[in-house]
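As stored in query32.csv (CSV, C-alpha atoms):
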chain,number,residue,atom,x,y,z
A,1,MET,CA,66.7,69.4,1.5
A,2,ASN,CA,70.3,70.4,1.8
A,3,LYS,CA,70.9,69.1,5.3
A,4,GLU,CA,71.9,65.6,6.1
A,5,PHE,CA,69.2,64.5,8.5
A,6,SER,CA,70.0,60.8,9.0
A,7,ALA,CA,71.7,59.9,12.3
A,8,ILE,CA,75.4,59.1,12.1
A,9,ARG,CA,74.9,55.8,14.0
A,10,ILE,CA,72.9,54.3,11.1
A,11,LYS,CA,75.3,55.3,8.3
A,12,GLY,CA,76.7,51.8,8.0
A,13,MET,CA,73.4,50.0,7.9
A,14,GLY,CA,72.3,48.8,4.6
A,15,THR,CA,69.3,46.7,3.4
A,16,SER,CA,69.0,43.4,5.3
A,17,ILE,CA,70.4,40.4,3.4
A,18,PHE,CA,67.1,38.7,4.1
A,19,SER,CA,65.1,41.4,2.3
A,20,THR,CA,67.6,41.3,-0.6
A,21,MET,CA,67.5,37.5,-1.1
A,22,SER,CA,63.7,37.4,-0.6
A,23,ARG,CA,63.2,40.0,-3.3
A,24,LEU,CA,65.5,38.1,-5.7
A,25,ALA,CA,63.7,34.9,-5.0
A,26,PHE,CA,60.4,36.5,-5.9
A,27,GLU,CA,61.7,38.2,-9.0
A,28,ASN,CA,63.4,35.0,-10.2
A,29,HIS,CA,60.5,32.6,-9.2
A,30,ALA,CA,63.1,30.6,-7.1
A,31,VAL,CA,62.6,28.0,-4.5
A,32,ASN,CA,63.2,29.8,-1.3
A,33,LEU,CA,65.4,28.0,1.3
A,34,GLY,CA,66.7,31.4,2.5
A,35,GLN,CA,63.8,32.8,4.4
A,36,GLY,CA,64.0,31.9,8.1
A,37,PHE,CA,60.4,30.9,8.7
A,38,PRO,CA,58.0,28.1,7.8
A,39,ASP,CA,56.1,28.0,4.6
A,40,PHE,CA,53.3,26.3,6.4
A,41,ASP,CA,50.9,27.2,9.3
A,42,GLY,CA,51.2,26.2,12.9
A,43,PRO,CA,48.5,24.2,14.7
A,44,LEU,CA,44.9,24.8,13.8
A,45,TRP,CA,43.8,24.5,17.4
A,46,LEU,CA,46.1,27.5,18.2
A,47,MET,CA,44.5,29.6,15.5
A,48,GLU,CA,41.1,28.7,16.8
A,49,GLU,CA,42.2,29.7,20.3
A,50,ALA,CA,43.2,33.1,19.1
A,51,PHE,CA,39.9,33.5,17.2
A,52,ASN,CA,38.0,32.5,20.3
A,53,ALA,CA,39.9,35.2,22.3
A,54,MET,CA,38.8,37.7,19.7
A,55,LYS,CA,35.2,36.7,19.9
A,56,GLU,CA,35.3,36.9,23.7
A,57,GLY,CA,36.3,40.6,23.4
A,58,LYS,CA,40.0,40.2,24.2
A,59,ASN,CA,40.9,42.8,21.6
A,60,GLN,CA,42.1,45.9,23.5
A,61,TYR,CA,45.5,46.8,24.9
A,62,ALA,CA,47.1,44.2,27.1
A,63,PRO,CA,49.1,45.3,30.1
A,64,THR,CA,52.5,46.6,29.0
A,65,GLN,CA,54.3,43.8,30.7
A,66,GLY,CA,52.0,41.2,29.1
A,67,ILE,CA,48.9,39.4,30.3
A,68,LEU,CA,49.4,37.6,33.6
A,69,SER,CA,48.2,34.2,32.4
A,70,LEU,CA,51.0,34.1,29.7
A,71,ARG,CA,53.6,35.3,32.1
A,72,LYS,CA,52.5,32.6,34.6
A,73,ALA,CA,52.6,30.0,31.8
A,74,ILE,CA,56.2,30.9,30.9
A,75,SER,CA,57.2,30.8,34.6
A,76,GLU,CA,55.7,27.4,35.0
A,77,MET,CA,57.4,26.2,31.8
A,78,GLN,CA,60.8,27.4,33.0
A,79,LYS,CA,60.3,25.7,36.3
A,80,LYS,CA,59.2,22.4,34.8
A,81,TYR,CA,61.8,22.1,32.0
A,82,TYR,CA,64.8,23.9,33.5
A,83,GLY,CA,64.2,24.1,37.3
A,84,LEU,CA,64.3,27.9,37.2
A,85,ASP,CA,62.0,29.9,39.5
A,86,TRP,CA,60.9,33.2,38.0
A,87,ASN,CA,58.4,35.7,39.4
A,88,PRO,CA,55.8,36.3,36.7
A,89,GLU,CA,55.0,39.7,38.2
A,90,THR,CA,58.5,41.2,38.3
A,91,GLU,CA,60.8,39.0,36.2
A,92,ILE,CA,59.0,38.2,32.9
A,93,THR,CA,58.1,40.7,30.2
A,94,ILE,CA,56.1,39.9,27.0
A,95,THR,CA,57.5,41.7,23.9
A,96,ALA,CA,56.8,42.0,20.2
A,97,GLY,CA,58.8,38.9,19.3
A,98,ALA,CA,62.3,38.1,20.4
A,99,THR,CA,63.5,40.9,18.1
A,100,GLU,CA,61.9,43.6,20.3
A,101,ALA,CA,63.1,41.8,23.4
A,102,LEU,CA,66.6,42.0,22.1
A,103,TYR,CA,66.3,45.7,21.1
A,104,SER,CA,64.7,46.7,24.4
A,105,THR,CA,67.3,44.8,26.4
A,106,PHE,CA,70.3,46.3,24.6
A,107,GLN,CA,68.8,49.8,24.8
A,108,ALA,CA,68.2,49.3,28.5
A,109,LEU,CA,71.6,48.0,29.5
A,110,ILE,CA,74.2,49.5,27.2
A,111,ASN,CA,75.9,52.9,27.7
A,112,GLU,CA,77.9,54.7,25.1
A,113,GLY,CA,81.3,52.9,24.6
A,114,ASP,CA,80.3,49.7,26.3
A,115,GLU,CA,81.8,46.6,24.6
A,116,VAL,CA,79.5,43.7,23.8
A,117,ILE,CA,81.0,40.3,22.8
A,118,MET,CA,79.1,38.1,20.4
A,119,PHE,CA,79.9,34.8,18.8
A,120,GLU,CA,80.1,34.9,15.0
A,121,PRO,CA,78.3,34.0,12.9
A,122,PHE,CA,75.7,36.0,14.8
A,123,TYR,CA,72.0,36.8,14.2
A,124,ASP,CA,72.4,40.1,12.5
A,125,SER,CA,70.1,42.1,14.8
A,126,TYR,CA,72.6,41.7,17.7
A,127,GLN,CA,75.2,43.9,15.9
A,128,ALA,CA,72.6,46.4,14.8
A,129,ASP,CA,71.1,46.7,18.3
A,130,VAL,CA,74.5,47.2,19.9
A,131,ILE,CA,75.4,49.9,17.5
A,132,LEU,CA,72.0,51.7,17.9
A,133,ALA,CA,72.5,51.6,21.6
A,134,GLY,CA,76.0,53.2,21.3
A,135,GLY,CA,77.9,50.0,22.2
A,136,ILE,CA,80.9,48.5,20.4
A,137,PRO,CA,80.6,45.0,19.1
A,138,LYS,CA,83.5,42.5,19.6
A,139,TYR,CA,83.7,39.1,18.0
A,140,VAL,CA,84.7,35.5,18.9
A,141,THR,CA,84.5,33.0,16.1
A,142,LEU,CA,82.7,29.7,16.1
A,143,LYS,CA,85.0,27.7,13.9
A,144,LYS,CA,84.2,25.0,11.4
A,145,PRO,CA,83.5,22.1,11.2
A,146,ASP,CA,81.8,21.8,14.6
A,147,PHE,CA,81.6,25.5,15.3
A,148,HIS,CA,83.5,25.4,18.5
A,149,PHE,CA,85.0,28.5,20.1
A,150,ASP,CA,88.4,29.0,21.6
A,151,PHE,CA,88.2,29.8,25.4
A,152,ASP,CA,91.4,31.8,25.3
A,153,GLU,CA,90.1,33.9,22.4
A,154,LEU,CA,87.0,34.7,24.4
A,155,GLU,CA,89.0,35.6,27.5
A,156,HIS,CA,91.4,37.8,25.6
A,157,THR,CA,88.5,39.6,24.0
A,158,ILE,CA,87.3,40.8,27.4
A,159,THR,CA,88.5,44.3,28.4
A,160,ASP,CA,87.7,46.7,31.2
A,161,LYS,CA,85.0,48.1,28.8
A,162,THR,CA,83.3,44.8,28.3
A,163,LYS,CA,79.7,44.7,29.7
A,164,ILE,CA,77.8,41.9,28.0
A,165,ILE,CA,78.4,38.5,26.3
A,166,VAL,CA,75.7,37.4,23.9
A,167,ILE,CA,75.0,33.8,23.2
A,168,ASN,CA,72.4,32.1,21.0
A,169,THR,CA,71.6,28.4,21.7
A,170,PRO,CA,70.4,26.5,19.7
A,171,HIS,CA,72.3,28.7,17.3
A,172,ASN,CA,71.2,30.5,14.1
A,173,PRO,CA,72.7,30.0,11.6
A,174,THR,CA,75.0,27.0,12.3
A,175,GLY,CA,72.6,24.8,14.2
A,176,LYS,CA,75.1,24.5,17.1
A,177,VAL,CA,73.8,23.6,20.5
A,178,TYR,CA,76.2,24.9,23.2
A,179,THR,CA,77.4,22.1,25.5
A,180,ILE,CA,77.4,22.3,29.3
A,181,GLU,CA,81.2,22.5,29.2
A,182,GLU,CA,81.0,25.5,26.9
A,183,LEU,CA,78.3,27.2,29.0
A,184,LYS,CA,80.4,26.7,32.2
A,185,LEU,CA,83.4,28.4,30.5
A,186,ILE,CA,81.2,31.4,29.5
A,187,ALA,CA,79.6,31.5,33.0
A,188,GLN,CA,83.1,31.3,34.6
A,189,LEU,CA,84.2,34.4,32.7
A,190,ALA,CA,81.0,36.3,33.3
A,191,VAL,CA,81.3,35.8,37.1
A,192,LYS,CA,85.0,36.5,37.1
A,193,HIS,CA,84.7,39.8,35.2
A,194,ASP,CA,81.3,40.8,36.5
A,195,LEU,CA,79.6,40.7,33.1
A,196,LEU,CA,76.0,40.2,32.0
A,197,VAL,CA,74.9,37.5,29.5
A,198,ILE,CA,72.1,38.0,27.0
A,199,SER,CA,71.0,34.5,26.0
A,200,ASP,CA,68.8,34.1,22.9
A,201,GLU,CA,67.0,30.8,23.2
A,202,VAL,CA,64.2,31.0,20.6
A,203,TYR,CA,65.0,27.5,19.3
A,204,GLU,CA,65.0,26.0,22.8
A,205,PHE,CA,62.6,23.2,21.9
A,206,LEU,CA,64.2,22.3,18.6
A,207,THR,CA,67.2,20.0,19.2
A,208,PHE,CA,68.3,16.8,17.6
A,209,ASP,CA,70.5,13.7,18.1
A,210,ASN,CA,70.2,13.7,21.9
A,211,SER,CA,71.5,17.3,22.1
A,212,LYS,CA,70.1,19.1,25.1
A,213,HIS,CA,69.3,22.7,25.5
A,214,ILE,CA,70.6,24.1,28.8
A,215,PRO,CA,69.8,27.7,29.7
A,216,ILE,CA,72.9,29.5,31.0
A,217,ALA,CA,70.7,31.1,33.7
A,218,SER,CA,70.5,27.7,35.3
A,219,LEU,CA,74.2,27.6,36.0
A,220,PRO,CA,75.6,28.7,39.4
A,221,GLY,CA,76.0,32.5,39.7
A,222,MET,CA,74.2,33.2,36.4
A,223,LYS,CA,70.5,33.7,37.3
A,224,ASP,CA,70.8,37.3,38.3
A,225,ARG,CA,73.3,38.3,35.6
A,226,THR,CA,71.4,36.7,32.6
A,227,VAL,CA,68.6,38.0,30.4
A,228,THR,CA,67.0,35.0,28.7
A,229,ILE,CA,65.1,35.8,25.5
A,230,SER,CA,62.7,33.5,23.7
A,231,SER,CA,59.7,33.5,21.5
A,232,ALA,CA,56.5,31.5,20.7
A,233,GLY,CA,57.0,32.1,16.9
A,234,LYS,CA,59.6,29.3,16.4
A,235,THR,CA,58.1,26.8,18.8
A,236,PHE,CA,54.5,27.0,17.4
A,237,SER,CA,55.4,27.9,13.8
A,238,MET,CA,53.6,31.3,14.1
A,239,THR,CA,56.4,33.7,13.4
A,240,GLY,CA,54.0,36.4,12.2
A,241,TRP,CA,52.3,36.6,15.6
A,242,LYS,CA,55.4,38.3,17.1
A,243,ILE,CA,55.1,37.2,20.7
A,244,GLY,CA,58.3,36.9,22.6
A,245,TRP,CA,59.6,37.5,26.1
A,246,ALA,CA,62.5,38.6,28.2
A,247,ILE,CA,63.3,36.9,31.5
A,248,SER,CA,65.6,38.3,34.2
A,249,CYS,CA,66.0,39.4,37.7
A,250,SER,CA,63.7,42.2,38.8
A,251,LYS,CA,66.4,44.8,38.7
A,252,LEU,CA,67.2,44.1,35.0
A,253,THR,CA,63.6,43.5,34.1
A,254,ASP,CA,62.7,47.0,35.5
A,255,ALA,CA,65.2,48.5,33.1
A,256,ILE,CA,64.0,46.5,30.1
A,257,ARG,CA,60.4,47.4,30.8
A,258,LYS,CA,61.2,51.1,30.9
A,259,VAL,CA,62.4,50.8,27.2
A,260,HIS,CA,59.7,48.3,26.2
A,261,GLN,CA,56.9,50.6,27.3
A,262,TRP,CA,58.0,53.3,24.9
A,263,THR,CA,58.9,50.9,22.0
A,264,THR,CA,55.7,48.8,21.5
A,265,PHE,CA,53.9,49.5,24.8
A,266,ALA,CA,51.9,46.2,24.5
A,267,VAL,CA,51.7,43.1,22.4
A,268,ASN,CA,48.6,41.8,20.5
A,269,THR,CA,46.1,40.6,23.1
A,270,PRO,CA,44.4,37.6,21.4
A,271,GLY,CA,47.7,36.1,20.4
A,272,GLN,CA,48.9,36.3,24.0
A,273,HIS,CA,45.8,34.5,25.3
A,274,ALA,CA,46.3,31.8,22.6
A,275,ILE,CA,50.0,31.3,23.5
A,276,ALA,CA,49.1,31.1,27.2
A,277,HIS,CA,46.8,28.2,26.3
A,278,ALA,CA,49.4,26.6,24.0
A,279,PHE,CA,51.9,26.3,26.9
A,280,SER,CA,49.3,24.0,28.6
A,281,ARG,CA,49.6,21.6,25.7
A,282,LEU,CA,53.4,21.5,25.4
A,283,ASP,CA,53.7,17.9,26.6
A,284,GLU,CA,51.5,16.6,23.8
A,285,TYR,CA,52.7,19.1,21.2
A,286,LEU,CA,56.4,19.0,21.5
A,287,PRO,CA,57.1,15.3,20.5
A,288,VAL,CA,55.2,15.8,17.2
A,289,PHE,CA,56.8,19.2,16.6
A,290,GLN,CA,60.3,17.8,17.2
A,291,LYS,CA,59.7,14.6,15.1
A,292,GLU,CA,58.5,16.6,12.1
A,293,TYR,CA,61.5,19.0,12.1
A,294,LEU,CA,63.9,16.1,12.6
A,295,GLU,CA,62.4,14.5,9.5
A,296,ARG,CA,62.7,17.7,7.5
A,297,ARG,CA,66.4,18.0,8.6
A,298,ASP,CA,67.1,14.5,7.6
A,299,LEU,CA,65.3,14.8,4.3
A,300,LEU,CA,67.4,17.8,3.3
A,301,LEU,CA,70.6,16.1,4.5
A,302,LYS,CA,69.7,13.1,2.3
A,303,GLU,CA,68.9,15.2,-0.7
A,304,LEU,CA,72.1,17.3,-0.3
A,305,LYS,CA,74.2,14.1,-0.5
A,306,THR,CA,73.4,14.0,-4.2
A,307,THR,CA,74.6,17.6,-4.7
A,308,SER,CA,78.1,19.1,-4.5
A,309,PHE,CA,77.2,21.1,-1.4
A,310,ASN,CA,78.6,19.6,1.8
A,311,ALA,CA,76.3,20.0,4.8
A,312,HIS,CA,77.3,20.7,8.4
A,313,ILE,CA,74.8,18.7,10.4
A,314,PRO,CA,72.8,20.9,12.7
A,315,LYS,CA,72.1,19.8,16.3
A,316,GLY,CA,69.4,22.4,16.8
A,317,SER,CA,67.3,25.2,15.2
A,318,TYR,CA,66.0,24.9,11.7
A,319,PHE,CA,69.0,26.1,9.8
A,320,MET,CA,71.9,24.3,8.1
A,321,MET,CA,75.2,25.6,6.8
A,322,VAL,CA,76.7,24.1,3.6
A,323,ASP,CA,80.1,24.6,2.1
A,324,ILE,CA,80.4,26.2,-1.3
A,325,PRO,CA,81.6,23.3,-3.5
A,326,GLU,CA,84.6,24.8,-5.3
A,327,LEU,CA,86.1,25.9,-2.0
A,328,ASN,CA,86.2,22.2,-0.8
A,329,THR,CA,89.0,21.6,-3.3
A,330,MET,CA,90.9,24.9,-2.4
A,331,SER,CA,92.3,24.1,1.0
A,332,GLY,CA,93.8,27.2,2.7
A,333,VAL,CA,92.5,29.6,0.1
A,334,THR,CA,90.7,32.6,1.3
A,335,PRO,CA,87.9,33.6,-1.1
A,336,ASP,CA,87.5,37.1,-2.3
A,337,ILE,CA,85.3,39.6,-0.4
A,338,ASP,CA,81.6,38.8,-0.7
A,339,TYR,CA,82.2,35.5,-2.6
A,340,ASP,CA,79.3,33.8,-0.8
A,341,GLU,CA,77.0,36.7,-1.9
A,342,GLU,CA,78.2,36.2,-5.5
A,343,ILE,CA,77.4,32.5,-5.4
A,344,ALA,CA,74.1,33.1,-3.7
A,345,ILE,CA,73.1,35.6,-6.4
A,346,GLU,CA,74.2,33.2,-9.1
A,347,LEU,CA,72.2,30.4,-7.6
A,348,VAL,CA,69.0,32.4,-7.3
A,349,LYS,CA,69.2,33.9,-10.8
A,350,ASN,CA,70.5,31.0,-12.8
A,351,TYR,CA,69.5,27.9,-10.7
A,352,LYS,CA,66.3,29.2,-9.1
A,353,ILE,CA,67.2,28.5,-5.6
A,354,ALA,CA,67.5,31.1,-2.9
A,355,THR,CA,69.9,30.8,0.0
A,356,ILE,CA,71.5,33.2,2.5
A,357,PRO,CA,75.2,34.2,2.2
A,358,PRO,CA,76.4,34.2,5.8
A,359,SER,CA,79.5,36.5,5.6
A,360,VAL,CA,77.2,39.4,6.8
A,361,PHE,CA,76.9,37.5,10.1
A,362,TYR,CA,80.7,37.8,10.7
A,363,GLY,CA,82.6,40.7,12.1
A,364,LYS,CA,86.2,39.5,11.7
A,365,SER,CA,86.5,36.0,10.3
A,366,ASP,CA,86.5,35.1,6.6
A,367,GLU,CA,84.8,31.7,7.2
A,368,GLY,CA,81.4,33.1,6.2
A,369,ARG,CA,82.6,33.5,2.6
A,370,THR,CA,83.0,29.8,2.3
A,371,MET,CA,79.4,28.8,3.1
A,372,LEU,CA,75.7,29.3,2.5
A,373,ARG,CA,72.8,29.0,4.9
A,374,LEU,CA,69.7,26.9,4.2
A,375,CYS,CA,66.4,26.9,6.1
A,376,PHE,CA,64.6,23.5,6.4
A,377,ALA,CA,61.4,24.9,8.0
A,378,LYS,CA,59.8,24.1,4.8
A,379,SER,CA,57.4,21.5,3.3
A,380,ASN,CA,58.9,18.3,2.0
A,381,GLU,CA,58.0,19.4,-1.5
A,382,THR,CA,59.9,22.7,-1.1
A,383,LEU,CA,63.0,20.9,0.3
A,384,ILE,CA,63.0,18.4,-2.5
A,385,ALA,CA,62.6,21.1,-5.1
A,386,GLY,CA,65.3,23.2,-3.6
A,387,ALA,CA,67.8,20.3,-3.5
A,388,GLU,CA,66.9,19.5,-7.1
A,389,ASN,CA,67.9,23.0,-8.1
A,390,LEU,CA,71.1,22.8,-6.1
A,391,ARG,CA,71.9,19.5,-7.8
A,392,LYS,CA,72.1,21.4,-11.1
A,393,TYR,CA,75.0,23.6,-9.9
A,394,LYS,CA,78.4,22.2,-11.0
A,395,ILE,CA,81.9,23.4,-10.2
Just give me the structure of the file as C-alpha cells.
Amino acid sequence: MNKEFSAIRIKGMGTSIFSTMSRLAFENHAVNLGQGFPDFDGPLWLMEEAFNAMKEGKNQYAPTQGILSLRKAISEMQKKYYGLDWNPETEITITAGATEALYSTFQALINEGDEVIMFEPFYDSYQADVILAGGIPKYVTLKKPDFHFDFDELEHTITDKTKIIVINTPHNPTGKVYTIEELKLIAQLAVKHDLLVISDEVYEFLTFDNSKHIPIASLPGMKDRTVTISSAGKTFSMTGWKIGWAISCSKLTDAIRKVHQWTTFAVNTPGQHAIAHAFSRLDEYLPVFQKEYLERRDLLLKELKTTSFNAHIPKGSYFMMVDIPELNTMSGVTPDIDYDEEIAIELVKNYKIATIPPSVFYGKSDEGRTMLRLCFAKSNETLIAGAENLRKYKI
C-alpha cells in the first residue's frame, strides 16, 4: 500500500508503557511490581455468584444501560456512603470498565478544540481519550513530596476554551487523596467558569491513615456538572471482569449513553448480576479488604526502608511512588529525558524487578523523571521478593 491510512490524530500514540514493561518482565523473568492489578483472585463467593448467574441462564445481552439491579445497587451505595441521590433509570450507566466510561464520556462531551485540564501525573488514558475526541490537554502539576497543586496555577490554566477539569481521587499513580479544601477550590473554579468535572474514583474504597474519600459531586453546585466514574474491578479485585459505571445528571448521561451504545453496547451479563450481589455485602467485605491492602502497603514500606529507594507514602489506591536513589543526592538537578525509563529498563533486565517509569504520565513537568511507580496489589511473597531485588540496586 502506498497511501498512509492511519488517522493523523493517532500519530503520536506509541505502545503503552504498561505493555512494554510487562513484556520486559516476562522476557527477563522479573518480579512484577509494575502491573496495576492484583496477582491474586477476588472473593470466591463473588465468583460463585457469577457462575450461578450463568447456570440460571443470565448469559445474553444485558440492556445497554446495564441491568437495573446493578444500577439500583450503585444508587443505594452512593446514597448510603456519600449522601448523593441518583436516579438509576436516567443517571447511571454500566460500562466495560472505567476505561470505557472515560472514553465514552470524553467522546460525548468534547468538541474539536475544547481544552481539558488534567492533573499530572495522570492516568494515561485521559490524555489519549482527549486527543481522540479532538480536545487539547492542559496540565497542572501535583508537586512532590505531598503531591499538592497550586491553586493559582490551576486558575491561570483556565481559558475561554476550557471545558473540563479531570480529577482522580484516590490518585493513580501517587496515592494522593484529595482533601476537602482542594476539592472546594476545584469546585469553586468549575462553578465560576461554568466547567464540567470528570471525577475518576475507581479507588474510592481504598484509603489509609484516616484519609477520607469525598466525591466532588457532593459539593454545592457540583452534582449537575460532574461525571463520576468508578469500577468494581479495583474494589473486588476482579479487574478482568471490566464492569464500571458513569454517574451524572440525566442530560450528561443521555450524551454518554449515545456513545456507549455504539462502543460496547452492553457489558457482560453474569458479571453484572454478581456485582449487584456484591454491593449487598459491602459492609462485611470492606473492612477486610481495606485491612489487607493496608497491610500490603505497610509491608512494602517496611521492606523499602532497607533499600536505597525513598517512598512517598500513599494515602489511597494501591500504588506507591519512589524516588530514584542517585537523584536524592543531586538537589536541583534535572535528569536527562527518559531517565526514569532508563532506570526502569536497567532494573528489569539486570535486577529482575519490573516497575513503571512515570514520566509518560506528565505533560509538562520533569518531576516524573525522578521517580518510579510500584504496585502493592500483590501477594506478600511478591512484595518481599520485589523489595529484595530492589535492595540489590546500588548507586
Each residue of segment 36-133 of chain A lying at most 8 Å from segment 370-386 of chain A should get a row with its shortest atom-to-atom pair and the distance in Å to one decimal, counting only C-alpha atoms; could you produce that, ordered by chain and increasing number, as CSV?
residue,atom,partner,partner_atom,distance
A:Gly36,CA,A:Cys375,CA,5.9
A:Phe37,CA,A:Ala377,CA,6.1
A:Pro38,CA,A:Ala377,CA,4.7
A:Asp39,CA,A:Lys378,CA,5.4
A:Phe40,CA,A:Ser379,CA,7.0
Exercise. Can you pull out every residue within 12 Å of segment 74-83 of chain A, counting only C-alpha atoms, but drop anything in the same chain fewer than 4 positions away, and send it as a VMD selection string?
Key: chain A and resid 66 to 70 87 to 94 204 to 205 212 to 219 223 228 to 232 244 to 248 272 275 to 283
Residues around (86.7, 29.0, 12.4), cut-off 10 Å, counting all atoms listed in the file - what are they as a PDB file with C-alpha atoms, in the frame of the given file?
ATOM      1  CA  GLU A 120      80.100  34.900  15.000  1.00  0.00           C
ATOM      2  CA  PRO A 121      78.300  34.000  12.900  1.00  0.00           C
ATOM      3  CA  VAL A 140      84.700  35.500  18.900  1.00  0.00           C
ATOM      4  CA  THR A 141      84.500  33.000  16.100  1.00  0.00           C
ATOM      5  CA  LEU A 142      82.700  29.700  16.100  1.00  0.00           C
ATOM      6  CA  LYS A 143      85.000  27.700  13.900  1.00  0.00           C
ATOM      7  CA  LYS A 144      84.200  25.000  11.400  1.00  0.00           C
ATOM      8  CA  PRO A 145      83.500  22.100  11.200  1.00  0.00           C
ATOM      9  CA  ASP A 146      81.800  21.800  14.600  1.00  0.00           C
ATOM     10  CA  PHE A 147      81.600  25.500  15.300  1.00  0.00           C
ATOM     11  CA  HIS A 148      83.500  25.400  18.500  1.00  0.00           C
ATOM     12  CA  PHE A 149      85.000  28.500  20.100  1.00  0.00           C
ATOM     13  CA  ASP A 150      88.400  29.000  21.600  1.00  0.00           C
ATOM     14  CA  SER A 365      86.500  36.000  10.300  1.00  0.00           C
ATOM     15  CA  ASP A 366      86.500  35.100   6.600  1.00  0.00           C
ATOM     16  CA  GLU A 367      84.800  31.700   7.200  1.00  0.00           C
ATOM     17  CA  GLY A 368      81.400  33.100   6.200  1.00  0.00           C
TER      18      GLY A 368
END
Exercise. Rank A:Ile17, A:Ile324, A:Leu84, A:Ala96 by their smallest atom-to-atom distance to Gly271 of chain A, using all atoms listed in the file, and report the top residue only.
Key: A:Ala96
Exercise. Quick one: pull the distance between atom CA of Asp338 of chain A and atom CA of Glu201 of chain A, Å, one decimal.
Key: 29.1 Å
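Residues in contact with Ala266 of chain A at up to 8 Å, not including ones fewer than 2 positions away on its chain and judged by all atoms listed in the file, are Tyr61, Ala62, Pro63, Thr64, Gln65, Gly66, Ile94, Thr95, Ala96, Gln261, Thr264 and Asn268 of chain A.
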I need the chosen residues saved as a PDB file, keeping the file's coordinate frame, with C-alpha atoms.
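Generated file (result_38.pdb):
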ATOM      1  CA  TYR A  61      45.500  46.800  24.900  1.00  0.00           C
ATOM      2  CA  ALA A  62      47.100  44.200  27.100  1.00  0.00           C
ATOM      3  CA  PRO A  63      49.100  45.300  30.100  1.00  0.00           C
ATOM      4  CA  THR A  64      52.500  46.600  29.000  1.00  0.00           C
ATOM      5  CA  GLN A  65      54.300  43.800  30.700  1.00  0.00           C
ATOM      6  CA  GLY A  66      52.000  41.200  29.100  1.00  0.00           C
ATOM      7  CA  ILE A  94      56.100  39.900  27.000  1.00  0.00           C
ATOM      8  CA  THR A  95      57.500  41.700  23.900  1.00  0.00           C
ATOM      9  CA  ALA A  96      56.800  42.000  20.200  1.00  0.00           C
ATOM     10  CA  GLN A 261      56.900  50.600  27.300  1.00  0.00           C
ATOM     11  CA  THR A 264      55.700  48.800  21.500  1.00  0.00           C
ATOM     12  CA  ASN A 268      48.600  41.800  20.500  1.00  0.00           C
TER      13      ASN A 268
END
Quiz item: If you measure from atom CA of Tyr393 of chain A to atom CA of Phe208 of chain A, what distance in Å do you get, rounded to one decimal?
Solution: 29.1 Å
Quiz item: Which is closest to Leu347 of chain A among A:Val360, A:Ala187, A:Leu154, A:Val31, if we use only C-alpha atoms?
Solution: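 Smallest distance to Leu347 of chain A is found for A:Val31.
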